[in-house]
There are 2 protein chains.
Amino acid sequence: MAGVTTTTPPPRPTKGERTRERILDVAFELFARSGYHAVSVRDIATAAGLTHAGVLKHFGGKDELLLQVLQRREEIESRDQDAQWERGDTFADVLVGTVQRGLDTPALVALFTKISGEATTPDHPSHEWFAARYRRLRAGLARAFRTALEQAEPVDPPVDPELASTQLLALLDGLQVQRLLEPDAVDPVAVVTDHVRRLGIPVRD
Amino acid sequence: MAGVTTTTPPPRPTKGERTRERILDVAFELFARSGYHAVSVRDIATAAGLTHAGVLKHFGGKDELLLQVLQRREEIESRDQDAQWERGDTFADVLVGTVQRGLDTPALVALFTKISGEATTPDHPSHEWFAARYRRLRAGLARAFRTALEQAEPVDPPVDPELASTQLLALLDGLQVQRLLEPDAVDPVAVVTDHVRRLGIPVRD
DNA sequence: GTCTATACGGGGATAGAC
DNA sequence: GTCTATCCCCGTATAGAC
C-alpha cells in the first residue's frame with residue numbers, strides 16, 4: 001500500500017528536532033506518572049540525557065512544554081478516532097475502540113486524568129487548554145450522538161444530545177480515576193456499553 | 001430543640017485545639033484551591049497566622065495534614081447523607097441532595113476532585129486513602145441500589161447494582177471536572193437525574 | 001504553644017563558555 | 001546545541017529560645 005497517498009516525504013529530522021522529540025517523549029512519561037507540579041524540568045532533562053538548561057532552550061518554559069505534550073497526544077488520539085470513522089465504524093464502535101485503546105495505553109489515560117484534575121485550578125498552565133478541549137469534545141460528541149440516534153431505538157425519556165455528551169464524557173473520565181486507583185475494580189468497557197445501550201444505541205458484544 | 005439528644009456537652013476547646021482547627025480550615029481551603037503538591041506548609045502557616053514550624057508541631061508532616069483534612073471533610077459529608085436517610089428520604093432524594101450540596105460547597109468538591117486526580121499516582125500520600133474510599137463508596141452505593149431497585153420499574157437490560165455504583169460514582173466525579181473548568185457548561189442535577197431515571201428509579205422534579 | 005534561626009535539597013530561569 | 005555556573009526563591013524539617 002506504500003505510495004497510495006503521495007504526500008511530501010518527511011525530510012530527515014535534524015539533530016535538534018530529534019532531541020526535541022525525545023524531550024517530549026520523556027516529559028509525557030513523567031507528567032503522566034506524577035502530574036505537572038510534582039515533576040521538575042530537571043527530572044525531564046535527566047531522563048532525556050541532557051541538562052535542565054538544555055531543555056529550556058527547546059521550550060520556553062515548563063508550562064509550554066506541558067502544553068506541547070498535551071497537544072501532541074491529543075492529535076494522536078484524534079487520528080486513531082478519525083481512522084475509525086473513515087473505515088465506516090459506527091458511533092458505538094468508535095466509542096468502544098476509544099475505551100479499549102485507553103486500556104492499552106495507560107500512560108496516555110493517566111496523563112489526561114491527572115493533568116485535567118490539576119487544571120481545574122484557574123491559574124494552572126493548562127486550565128484554558130482543557131476548558132477548550134471539553135468544549136470541543138462536547139460539541140463533536142453531540143453531533144455524533146445526533147447521527148447515531150437517528151438509527152437508534154427511541155427511548156423514554158428521549159435523549160438530549162447535549163446532555164448526553166456531557167454525561168458520557170463525565171462517565172469516561174470518572175471511570176479512569178477509579179481504574180487508576182485500583183485497576184481490577186472496574187470494567188470500563190462493560191460500564192460504557194451498559195450506559196449507551198440504555199440510550200437506545202446498539203453495541204456489538 | 002436543644003437538649004433532645006443529651007450527649008456529653010463539648011468541653012471548652014483549649015487554645016491548642018482551636019489553633020489546630022484553624023490550621024485544618026485553612027489547609028482545606030488551600031488544598032481545595034490548588035491541590036496538594038502546589039501548596040506548601042509555609043503557605044498554610046501564613047494563612048493560619050503562625051509560622052511553618054508551628055504547623056508542624058500540630059501535625060507530623062504535610063502528608064498527615066492532608067489525610068486529616070480529607071477525613072474531616074468526608075465525615076461532614078457522611079453526616080449530611082445520614083441525616084437524609086434518617087429523615088426517610090429516598091435513594092433519589094439523597095443523591096440529588098448530595099449533588100446540590102456540592103453546588104453550594106464548591107471548595108469541598110474541588111478538594112476531592114483535585115486530590116483524587118493527584119492520588120492516582122501510587123506514591124501519593126492519599127493514594128491508599130482514596131482507593132479505600134472508593135471501595136467503601138461502591139459497596140454502600142451498591143446496597144442502596146439494591147434497595148431502591150426493589151421499588152423501581154424493571155428496565156432492560158436489568159440493572160447490576162455493582163456496575164451501577166461504579167458507573168454513578170464515575171459520572172459524579174467526571175461531572176465535577178467539567179464543572180470546575182467551566183461552571184456554566186454543565187447542569188449536574190439534570191445529568192444525574194437523567195441517568196438514574198434510565199435505571200428505572202423515579203426522581204422528583 | 002509559638003517563635004526565630006537555620007539546615008539542606010530542589011525548584012525555575014538566565015548568562016555566558018565551549 | 002549543549003554545557004557549567006549561578007541566581008534567588010521555595011520545599012520540608014529540626015533545634016532551641018521565649
# chains A, B, ... in the order shown; residues from 1 in each chain; ligands from 1
call {"tool": "interface_residues", "arguments": {"of": "chain C", "to": "chain B", "cutoff": "10 Å", "atoms": "only C-alpha atoms (C1' of nucleotides)", "output": "JSON, numbers by chain"}}
result
{"C": [1, 2, 3, 4]}
call {"tool": "residues_around", "arguments": {"residues": "region 154-166 of chain A", "least_positions_apart": "5", "cutoff": "10 Å", "atoms": "only C-alpha atoms (C1' of nucleotides)", "output": "PyMOL selection string"}}
result
(chain A and resi 134-135+137-149+171+196+198-201) or (chain B and resi 171+174-175+178+185-188+190-191+194-195+197-198)
call {"tool": "calpha_fit_and_write", "arguments": {"fixed": "chain A", "moving": "chain B", "output": "PDB file with C-alpha atoms, in the first residue's frame"}}
result
ATOM      1  CA  MET B   1       0.443  -0.177   0.627  1.00  0.00           C
ATOM      2  CA  ALA B   2       3.275   2.320   0.696  1.00  0.00           C
ATOM      3  CA  GLY B   3       2.836   5.227  -1.639  1.00  0.00           C
ATOM      4  CA  VAL B   4      -0.915   4.982  -2.048  1.00  0.00           C
ATOM      5  CA  THR B   5      -1.317   8.447  -0.598  1.00  0.00           C
ATOM      6  CA  THR B   6       1.611  10.381  -1.997  1.00  0.00           C
ATOM      7  CA  THR B   7       2.434  13.265   0.291  1.00  0.00           C
ATOM      8  CA  THR B   8       5.745  15.029   0.735  1.00  0.00           C
ATOM      9  CA  PRO B   9       8.183  12.518   2.229  1.00  0.00           C
ATOM     10  CA  PRO B  10       9.291  13.607   5.701  1.00  0.00           C
ATOM     11  CA  PRO B  11      12.740  15.207   5.499  1.00  0.00           C
ATOM     12  CA  ARG B  12      15.406  13.636   7.635  1.00  0.00           C
ATOM     13  CA  PRO B  13      15.058  15.192  11.072  1.00  0.00           C
ATOM     14  CA  THR B  14      17.919  17.334  12.269  1.00  0.00           C
ATOM     15  CA  LYS B  15      19.664  16.521  15.499  1.00  0.00           C
ATOM     16  CA  GLY B  16      17.799  19.338  17.215  1.00  0.00           C
ATOM     17  CA  GLU B  17      14.468  17.979  16.077  1.00  0.00           C
ATOM     18  CA  ARG B  18      15.312  14.523  17.323  1.00  0.00           C
ATOM     19  CA  THR B  19      16.297  15.898  20.717  1.00  0.00           C
ATOM     20  CA  ARG B  20      13.051  17.817  20.803  1.00  0.00           C
ATOM     21  CA  GLU B  21      11.075  14.660  20.175  1.00  0.00           C
ATOM     22  CA  ARG B  22      12.980  12.839  22.874  1.00  0.00           C
ATOM     23  CA  ILE B  23      12.245  15.593  25.360  1.00  0.00           C
ATOM     24  CA  LEU B  24       8.549  15.489  24.497  1.00  0.00           C
ATOM     25  CA  ASP B  25       8.530  11.721  24.939  1.00  0.00           C
ATOM     26  CA  VAL B  26      10.095  11.689  28.372  1.00  0.00           C
ATOM     27  CA  ALA B  27       8.089  14.722  29.488  1.00  0.00           C
ATOM     28  CA  PHE B  28       4.971  12.831  28.485  1.00  0.00           C
ATOM     29  CA  GLU B  29       6.008   9.798  30.549  1.00  0.00           C
ATOM     30  CA  LEU B  30       6.885  11.832  33.607  1.00  0.00           C
ATOM     31  CA  PHE B  31       3.849  14.118  33.510  1.00  0.00           C
ATOM     32  CA  ALA B  32       1.680  11.047  33.049  1.00  0.00           C
ATOM     33  CA  ARG B  33       3.244   9.315  36.013  1.00  0.00           C
ATOM     34  CA  SER B  34       3.292  12.163  38.500  1.00  0.00           C
ATOM     35  CA  GLY B  35       1.368  15.134  37.175  1.00  0.00           C
ATOM     36  CA  TYR B  36       2.665  18.588  36.406  1.00  0.00           C
ATOM     37  CA  HIS B  37       3.605  20.141  39.730  1.00  0.00           C
ATOM     38  CA  ALA B  38       5.407  17.078  41.020  1.00  0.00           C
ATOM     39  CA  VAL B  39       7.779  16.925  38.045  1.00  0.00           C
ATOM     40  CA  SER B  40      10.695  19.285  37.522  1.00  0.00           C
ATOM     41  CA  VAL B  41      12.444  20.395  34.369  1.00  0.00           C
ATOM     42  CA  ARG B  42      15.549  18.810  35.872  1.00  0.00           C
ATOM     43  CA  ASP B  43      13.777  15.456  36.086  1.00  0.00           C
ATOM     44  CA  ILE B  44      12.812  15.697  32.449  1.00  0.00           C
ATOM     45  CA  ALA B  45      16.267  16.804  31.356  1.00  0.00           C
ATOM     46  CA  THR B  46      17.981  13.964  33.205  1.00  0.00           C
ATOM     47  CA  ALA B  47      15.649  11.359  31.725  1.00  0.00           C
ATOM     48  CA  ALA B  48      16.232  12.792  28.245  1.00  0.00           C
ATOM     49  CA  GLY B  49      19.973  12.725  28.679  1.00  0.00           C
ATOM     50  CA  LEU B  50      20.753  16.431  28.865  1.00  0.00           C
ATOM     51  CA  THR B  51      20.772  19.215  31.391  1.00  0.00           C
ATOM     52  CA  HIS B  52      17.883  21.353  32.444  1.00  0.00           C
ATOM     53  CA  ALA B  53      19.359  24.309  30.582  1.00  0.00           C
ATOM     54  CA  GLY B  54      19.311  22.264  27.409  1.00  0.00           C
ATOM     55  CA  VAL B  55      15.611  21.536  27.770  1.00  0.00           C
ATOM     56  CA  LEU B  56      14.796  25.186  28.262  1.00  0.00           C
ATOM     57  CA  LYS B  57      16.522  26.082  25.001  1.00  0.00           C
ATOM     58  CA  HIS B  58      13.984  23.954  23.143  1.00  0.00           C
ATOM     59  CA  PHE B  59      10.893  25.079  25.034  1.00  0.00           C
ATOM     60  CA  GLY B  60      10.250  28.461  26.494  1.00  0.00           C
ATOM     61  CA  GLY B  61       9.411  27.083  29.898  1.00  0.00           C
ATOM     62  CA  LYS B  62       7.844  24.203  31.762  1.00  0.00           C
ATOM     63  CA  ASP B  63       4.328  25.409  30.966  1.00  0.00           C
ATOM     64  CA  GLU B  64       4.938  25.473  27.210  1.00  0.00           C
ATOM     65  CA  LEU B  65       6.416  22.034  27.399  1.00  0.00           C
ATOM     66  CA  LEU B  66       3.276  20.746  29.061  1.00  0.00           C
ATOM     67  CA  LEU B  67       1.018  22.316  26.459  1.00  0.00           C
ATOM     68  CA  GLN B  68       2.995  20.777  23.637  1.00  0.00           C
ATOM     69  CA  VAL B  69       2.887  17.356  25.265  1.00  0.00           C
ATOM     70  CA  LEU B  70      -0.890  17.623  25.643  1.00  0.00           C
ATOM     71  CA  GLN B  71      -1.406  18.873  22.113  1.00  0.00           C
ATOM     72  CA  ARG B  72       0.732  16.129  20.630  1.00  0.00           C
ATOM     73  CA  ARG B  73      -1.087  13.357  22.443  1.00  0.00           C
ATOM     74  CA  GLU B  74      -4.468  14.826  21.625  1.00  0.00           C
ATOM     75  CA  GLU B  75      -3.600  14.770  17.940  1.00  0.00           C
ATOM     76  CA  ILE B  76      -2.546  11.127  18.112  1.00  0.00           C
ATOM     77  CA  GLU B  77      -5.832  10.126  19.730  1.00  0.00           C
ATOM     78  CA  SER B  78      -7.828  12.198  17.228  1.00  0.00           C
ATOM     79  CA  ARG B  79      -6.098  10.468  14.346  1.00  0.00           C
ATOM     80  CA  ASP B  80      -7.049   7.042  15.706  1.00  0.00           C
ATOM     81  CA  GLN B  81     -10.669   8.098  16.028  1.00  0.00           C
ATOM     82  CA  ASP B  82     -10.770   9.667  12.579  1.00  0.00           C
ATOM     83  CA  ALA B  83      -9.376   6.474  11.123  1.00  0.00           C
ATOM     84  CA  GLN B  84     -12.296   4.595  12.638  1.00  0.00           C
ATOM     85  CA  TRP B  85     -14.868   6.996  11.222  1.00  0.00           C
ATOM     86  CA  GLU B  86     -13.296   6.834   7.772  1.00  0.00           C
ATOM     87  CA  ARG B  87     -13.394   3.067   7.950  1.00  0.00           C
ATOM     88  CA  GLY B  88     -17.160   3.291   8.366  1.00  0.00           C
ATOM     89  CA  ASP B  89     -17.318   2.372  12.028  1.00  0.00           C
ATOM     90  CA  THR B  90     -20.436   3.230  13.967  1.00  0.00           C
ATOM     91  CA  PHE B  91     -20.653   5.574  16.922  1.00  0.00           C
ATOM     92  CA  ALA B  92     -20.605   2.610  19.285  1.00  0.00           C
ATOM     93  CA  ASP B  93     -17.588   1.120  17.501  1.00  0.00           C
ATOM     94  CA  VAL B  94     -15.609   4.316  17.833  1.00  0.00           C
ATOM     95  CA  LEU B  95     -16.598   4.677  21.470  1.00  0.00           C
ATOM     96  CA  VAL B  96     -15.632   1.139  22.419  1.00  0.00           C
ATOM     97  CA  GLY B  97     -12.477   1.482  20.354  1.00  0.00           C
ATOM     98  CA  THR B  98     -11.520   4.598  22.261  1.00  0.00           C
ATOM     99  CA  VAL B  99     -12.075   2.891  25.585  1.00  0.00           C
ATOM    100  CA  GLN B 100     -10.059  -0.118  24.500  1.00  0.00           C
ATOM    101  CA  ARG B 101      -7.192   1.986  23.221  1.00  0.00           C
ATOM    102  CA  GLY B 102      -7.218   3.578  26.667  1.00  0.00           C
ATOM    103  CA  LEU B 103      -6.698   0.155  28.220  1.00  0.00           C
ATOM    104  CA  ASP B 104      -3.662  -0.381  26.002  1.00  0.00           C
ATOM    105  CA  THR B 105      -2.123   3.016  26.654  1.00  0.00           C
ATOM    106  CA  PRO B 106      -2.355   3.595  30.392  1.00  0.00           C
ATOM    107  CA  ALA B 107       0.159   6.422  30.306  1.00  0.00           C
ATOM    108  CA  LEU B 108      -1.981   8.439  27.939  1.00  0.00           C
ATOM    109  CA  VAL B 109      -5.033   7.978  30.129  1.00  0.00           C
ATOM    110  CA  ALA B 110      -3.039   8.838  33.208  1.00  0.00           C
ATOM    111  CA  LEU B 111      -1.766  12.013  31.591  1.00  0.00           C
ATOM    112  CA  PHE B 112      -5.201  13.409  30.824  1.00  0.00           C
ATOM    113  CA  THR B 113      -6.762  12.235  34.063  1.00  0.00           C
ATOM    114  CA  LYS B 114      -4.097  13.699  36.315  1.00  0.00           C
ATOM    115  CA  ILE B 115      -3.482  16.917  34.474  1.00  0.00           C
ATOM    116  CA  SER B 116      -7.174  17.685  33.965  1.00  0.00           C
ATOM    117  CA  GLY B 117      -7.659  17.414  37.727  1.00  0.00           C
ATOM    118  CA  GLU B 118      -4.829  19.814  38.409  1.00  0.00           C
ATOM    119  CA  ALA B 119      -6.069  22.057  35.616  1.00  0.00           C
ATOM    120  CA  THR B 120      -9.375  22.748  37.338  1.00  0.00           C
ATOM    121  CA  THR B 121      -7.397  25.374  39.265  1.00  0.00           C
ATOM    122  CA  PRO B 122      -7.902  28.576  37.252  1.00  0.00           C
ATOM    123  CA  ASP B 123      -4.238  29.565  37.184  1.00  0.00           C
ATOM    124  CA  HIS B 124      -2.921  26.183  36.105  1.00  0.00           C
ATOM    125  CA  PRO B 125      -0.966  26.483  32.837  1.00  0.00           C
ATOM    126  CA  SER B 126      -3.333  24.130  31.056  1.00  0.00           C
ATOM    127  CA  HIS B 127      -6.602  25.404  32.536  1.00  0.00           C
ATOM    128  CA  GLU B 128      -7.711  27.171  29.391  1.00  0.00           C
ATOM    129  CA  TRP B 129      -6.499  24.367  27.169  1.00  0.00           C
ATOM    130  CA  PHE B 130      -8.666  21.852  29.007  1.00  0.00           C
ATOM    131  CA  ALA B 131     -11.696  24.124  29.110  1.00  0.00           C
ATOM    132  CA  ALA B 132     -11.403  24.495  25.338  1.00  0.00           C
ATOM    133  CA  ARG B 133     -10.836  20.780  24.901  1.00  0.00           C
ATOM    134  CA  TYR B 134     -14.070  19.914  26.712  1.00  0.00           C
ATOM    135  CA  ARG B 135     -16.026  22.465  24.708  1.00  0.00           C
ATOM    136  CA  ARG B 136     -14.710  20.876  21.552  1.00  0.00           C
ATOM    137  CA  LEU B 137     -15.299  17.304  22.717  1.00  0.00           C
ATOM    138  CA  ARG B 138     -18.838  18.052  23.881  1.00  0.00           C
ATOM    139  CA  ALA B 139     -19.702  19.689  20.571  1.00  0.00           C
ATOM    140  CA  GLY B 140     -18.258  16.855  18.501  1.00  0.00           C
ATOM    141  CA  LEU B 141     -19.870  14.228  20.652  1.00  0.00           C
ATOM    142  CA  ALA B 142     -23.249  15.927  20.495  1.00  0.00           C
ATOM    143  CA  ARG B 143     -23.089  15.824  16.695  1.00  0.00           C
ATOM    144  CA  ALA B 144     -22.162  12.163  16.763  1.00  0.00           C
ATOM    145  CA  PHE B 145     -25.037  11.473  19.140  1.00  0.00           C
ATOM    146  CA  ARG B 146     -27.538  13.202  16.875  1.00  0.00           C
ATOM    147  CA  THR B 147     -26.516  11.034  13.954  1.00  0.00           C
ATOM    148  CA  ALA B 148     -26.412   7.825  15.971  1.00  0.00           C
ATOM    149  CA  LEU B 149     -29.822   8.490  17.508  1.00  0.00           C
ATOM    150  CA  GLU B 150     -31.464   8.627  14.096  1.00  0.00           C
ATOM    151  CA  GLN B 151     -30.827   4.927  13.676  1.00  0.00           C
ATOM    152  CA  ALA B 152     -31.392   4.072  17.341  1.00  0.00           C
ATOM    153  CA  GLU B 153     -34.413   2.680  19.162  1.00  0.00           C
ATOM    154  CA  PRO B 154     -36.309   5.622  20.641  1.00  0.00           C
ATOM    155  CA  VAL B 155     -36.139   5.576  24.435  1.00  0.00           C
ATOM    156  CA  ASP B 156     -38.074   7.271  27.189  1.00  0.00           C
ATOM    157  CA  PRO B 157     -37.231   9.913  28.228  1.00  0.00           C
ATOM    158  CA  PRO B 158     -35.798  10.882  24.816  1.00  0.00           C
ATOM    159  CA  VAL B 159     -32.082  11.527  24.663  1.00  0.00           C
ATOM    160  CA  ASP B 160     -30.875  15.126  24.667  1.00  0.00           C
ATOM    161  CA  PRO B 161     -27.615  15.091  22.658  1.00  0.00           C
ATOM    162  CA  GLU B 162     -26.062  17.982  24.598  1.00  0.00           C
ATOM    163  CA  LEU B 163     -26.815  16.462  27.974  1.00  0.00           C
ATOM    164  CA  ALA B 164     -25.782  13.029  26.766  1.00  0.00           C
ATOM    165  CA  SER B 165     -22.382  14.238  25.605  1.00  0.00           C
ATOM    166  CA  THR B 166     -21.582  15.893  28.936  1.00  0.00           C
ATOM    167  CA  GLN B 167     -22.776  12.746  30.619  1.00  0.00           C
ATOM    168  CA  LEU B 168     -20.727  10.357  28.518  1.00  0.00           C
ATOM    169  CA  LEU B 169     -17.547  12.402  28.856  1.00  0.00           C
ATOM    170  CA  ALA B 170     -18.032  12.560  32.609  1.00  0.00           C
ATOM    171  CA  LEU B 171     -18.522   8.820  32.763  1.00  0.00           C
ATOM    172  CA  LEU B 172     -15.367   8.143  30.749  1.00  0.00           C
ATOM    173  CA  ASP B 173     -13.268  10.487  32.874  1.00  0.00           C
ATOM    174  CA  GLY B 174     -14.589   9.301  36.206  1.00  0.00           C
ATOM    175  CA  LEU B 175     -13.992   5.691  35.279  1.00  0.00           C
ATOM    176  CA  GLN B 176     -10.323   6.393  34.773  1.00  0.00           C
ATOM    177  CA  VAL B 177      -9.875   7.728  38.277  1.00  0.00           C
ATOM    178  CA  GLN B 178     -11.260   4.548  39.791  1.00  0.00           C
ATOM    179  CA  ARG B 179      -9.301   2.412  37.382  1.00  0.00           C
ATOM    180  CA  LEU B 180      -5.970   4.114  37.999  1.00  0.00           C
ATOM    181  CA  LEU B 181      -6.501   3.803  41.747  1.00  0.00           C
ATOM    182  CA  GLU B 182      -7.362   0.115  41.480  1.00  0.00           C
ATOM    183  CA  PRO B 183      -7.105  -1.395  37.989  1.00  0.00           C
ATOM    184  CA  ASP B 184      -9.057  -4.577  38.673  1.00  0.00           C
ATOM    185  CA  ALA B 185     -11.981  -2.856  40.339  1.00  0.00           C
ATOM    186  CA  VAL B 186     -13.451  -1.573  37.108  1.00  0.00           C
ATOM    187  CA  ASP B 187     -14.447  -2.918  33.688  1.00  0.00           C
ATOM    188  CA  PRO B 188     -14.617   0.227  31.550  1.00  0.00           C
ATOM    189  CA  VAL B 189     -15.964  -1.454  28.443  1.00  0.00           C
ATOM    190  CA  ALA B 190     -18.839  -3.031  30.366  1.00  0.00           C
ATOM    191  CA  VAL B 191     -19.719   0.207  32.113  1.00  0.00           C
ATOM    192  CA  VAL B 192     -19.691   2.282  28.953  1.00  0.00           C
ATOM    193  CA  THR B 193     -21.508  -0.338  26.908  1.00  0.00           C
ATOM    194  CA  ASP B 194     -24.252  -0.559  29.515  1.00  0.00           C
ATOM    195  CA  HIS B 195     -24.608   3.186  29.518  1.00  0.00           C
ATOM    196  CA  VAL B 196     -25.020   3.770  25.798  1.00  0.00           C
ATOM    197  CA  ARG B 197     -27.332   0.770  25.398  1.00  0.00           C
ATOM    198  CA  ARG B 198     -29.745   2.463  27.770  1.00  0.00           C
ATOM    199  CA  LEU B 199     -29.760   5.397  25.373  1.00  0.00           C
ATOM    200  CA  GLY B 200     -31.064   3.061  22.678  1.00  0.00           C
ATOM    201  CA  ILE B 201     -27.770   2.803  20.834  1.00  0.00           C
ATOM    202  CA  PRO B 202     -26.895  -0.785  19.916  1.00  0.00           C
ATOM    203  CA  VAL B 203     -23.420  -2.070  20.765  1.00  0.00           C
ATOM    204  CA  ARG B 204     -21.750  -5.188  19.358  1.00  0.00           C
ATOM    205  CA  ASP B 205     -20.610  -7.698  21.971  1.00  0.00           C
TER     206      ASP B 205
END
call {"tool": "select_by_dssp", "arguments": {"residues": "region 2-194 of chain A", "states": "alpha helix (DSSP H)", "output": "number ranges by chain"}}
result
A: 15-34, 41-48, 52-58, 62-86, 91-104, 106-118, 127-151, 161-181, 188-194
call {"tool": "interface_residues", "arguments": {"of": "chain D", "to": "chain A", "cutoff": "8 Å", "atoms": "only C-alpha atoms (C1' of nucleotides)", "output": "ChimeraX atom specification"}}
result
/D:1-3
call {"tool": "atom_distance", "arguments": {"atom1": "C1' of DA5 (chain D)", "atom2": "C1' of DG12 (chain C)"}}
result
15.2 Å
call {"tool": "atom_distance", "arguments": {"atom1": "C1' of DG9 (chain C)", "atom2": "C1' of DC7 (chain D)"}}
result
15.9 Å
call {"tool": "atom_distance", "arguments": {"atom1": "C1' of DG10 (chain C)", "atom2": "C1' of DT6 (chain D)"}}
result
14.8 Å
call {"tool": "decode", "arguments": {"residues": "chain C", "atoms": "N, CA and C atoms (P, O5', C5', C4', C3', O3' and C1' of nucleotides)", "output": "CSV table (one decimal), in the first residue's frame"}}
result
chain,number,residue,atom,x,y,z
C,1,DG,P,-0.1,23.3,74.4
C,1,DG,O5',0.2,24.5,73.5
C,1,DG,C5',-0.6,25.7,73.5
C,1,DG,C4',0.2,26.7,72.7
C,1,DG,C3',0.3,26.4,71.2
C,1,DG,O3',-0.1,27.6,70.6
C,1,DG,C1',2.4,26.9,72.1
C,2,DT,P,-0.3,27.7,69.1
C,2,DT,O5',1.0,28.5,68.6
C,2,DT,C5',1.2,29.9,69.2
C,2,DT,C4',2.6,30.2,69.0
C,2,DT,C3',3.1,30.1,67.5
C,2,DT,O3',3.1,31.4,66.9
C,2,DT,C1',4.7,29.5,69.1
C,3,DC,P,3.9,31.7,65.6
C,3,DC,O5',5.3,32.1,66.1
C,3,DC,C5',5.6,33.3,66.8
C,3,DC,C4',7.0,33.4,67.2
C,3,DC,C3',8.0,33.4,66.0
C,3,DC,O3',8.3,34.7,65.7
C,3,DC,C1',8.7,31.8,67.7
C,4,DT,P,9.2,34.9,64.4
C,4,DT,O5',10.7,34.8,64.8
C,4,DT,C5',11.3,35.2,66.0
C,4,DT,C4',12.7,34.7,66.0
C,4,DT,C3',13.5,34.9,64.7
C,4,DT,O3',14.8,35.4,65.1
C,4,DT,C1',13.5,32.6,65.3
C,5,DA,P,15.8,35.8,63.9
C,5,DA,O5',16.8,34.5,63.8
C,5,DA,C5',17.0,33.7,65.0
C,5,DA,C4',17.8,32.5,64.5
C,5,DA,C3',18.6,32.6,63.2
C,5,DA,O3',19.9,32.1,63.4
C,5,DA,C1',17.2,30.7,63.2
C,6,DT,P,21.0,32.3,62.2
C,6,DT,O5',20.9,30.8,61.6
C,6,DT,C5',20.8,29.7,62.5
C,6,DT,C4',20.5,28.4,61.8
C,6,DT,C3',21.2,28.3,60.4
C,6,DT,O3',22.0,27.2,60.4
C,6,DT,C1',19.0,27.6,60.3
C,7,DA,P,23.1,27.0,59.3
C,7,DA,O5',22.8,25.6,58.7
C,7,DA,C5',22.5,24.5,59.6
C,7,DA,C4',21.7,23.5,58.9
C,7,DA,C3',22.2,23.2,57.5
C,7,DA,O3',22.9,21.9,57.4
C,7,DA,C1',19.8,23.4,57.6
C,8,DC,P,23.8,21.6,56.2
C,8,DC,O5',22.8,21.1,55.2
C,8,DC,C5',22.0,20.0,55.5
C,8,DC,C4',21.0,19.8,54.4
C,8,DC,C3',21.7,19.9,53.0
C,8,DC,O3',21.3,18.8,52.2
C,8,DC,C1',19.8,21.3,53.1
C,9,DG,P,22.2,18.4,50.9
C,9,DG,O5',21.0,18.0,49.9
C,9,DG,C5',19.8,17.4,50.4
C,9,DG,C4',18.7,17.8,49.6
C,9,DG,C3',18.9,17.9,48.1
C,9,DG,O3',17.9,17.1,47.5
C,9,DG,C1',17.9,19.9,48.9
C,10,DG,P,17.9,16.8,46.0
C,10,DG,O5',16.8,17.9,45.5
C,10,DG,C5',15.5,17.8,45.9
C,10,DG,C4',14.8,19.0,45.3
C,10,DG,C3',15.0,19.1,43.8
C,10,DG,O3',13.7,18.9,43.2
C,10,DG,C1',15.3,21.2,45.0
C,11,DG,P,13.4,19.2,41.8
C,11,DG,O5',13.0,20.7,41.7
C,11,DG,C5',11.6,21.0,42.1
C,11,DG,C4',11.4,22.5,41.8
C,11,DG,C3',11.8,22.9,40.4
C,11,DG,O3',10.7,22.8,39.6
C,11,DG,C1',12.6,24.5,42.1
C,12,DG,P,10.9,22.9,38.0
C,12,DG,O5',11.1,24.4,37.8
C,12,DG,C5',10.0,25.3,38.0
C,12,DG,C4',10.5,26.7,37.7
C,12,DG,C3',10.8,26.9,36.2
C,12,DG,O3',10.2,28.1,35.7
C,12,DG,C1',12.7,27.5,37.5
C,13,DA,P,10.4,28.5,34.2
C,13,DA,O5',11.7,29.4,34.2
C,13,DA,C5',11.7,30.5,35.0
C,13,DA,C4',13.1,31.2,35.0
C,13,DA,C3',13.6,31.4,33.5
C,13,DA,O3',13.7,32.8,33.3
C,13,DA,C1',15.3,30.5,35.0
C,14,DT,P,14.1,33.3,31.8
C,14,DT,O5',15.7,33.6,32.0
C,14,DT,C5',16.1,34.5,33.0
C,14,DT,C4',17.6,34.6,33.0
C,14,DT,C3',18.2,34.8,31.7
C,14,DT,O3',19.1,36.0,31.8
C,14,DT,C1',19.3,33.1,32.8
C,15,DA,P,19.8,36.6,30.5
C,15,DA,O5',21.4,36.4,30.9
C,15,DA,C5',21.8,36.4,32.2
C,15,DA,C4',23.3,36.2,32.3
C,15,DA,C3',24.0,36.6,31.0
C,15,DA,O3',25.3,37.1,31.3
C,15,DA,C1',24.3,34.3,31.3
C,16,DG,P,26.3,37.7,30.2
C,16,DG,O5',27.3,36.5,29.9
C,16,DG,C5',28.0,35.9,31.0
C,16,DG,C4',28.7,34.7,30.5
C,16,DG,C3',29.4,34.9,29.2
C,16,DG,O3',30.6,34.1,29.2
C,16,DG,C1',28.0,33.1,29.0
C,17,DA,P,31.7,34.3,28.1
C,17,DA,O5',32.5,32.9,28.2
C,17,DA,C5',32.8,32.3,29.5
C,17,DA,C4',32.9,30.8,29.3
C,17,DA,C3',33.8,30.3,28.2
C,17,DA,O3',34.6,29.2,28.6
C,17,DA,C1',31.6,29.5,27.8
C,18,DC,P,35.7,28.7,27.7
C,18,DC,O5',35.0,27.6,26.8
C,18,DC,C5',34.8,26.2,27.3
C,18,DC,C4',34.1,25.4,26.2
C,18,DC,C3',34.9,25.3,24.9
C,18,DC,O3',35.4,24.0,24.8
C,18,DC,C1',32.6,25.7,24.5
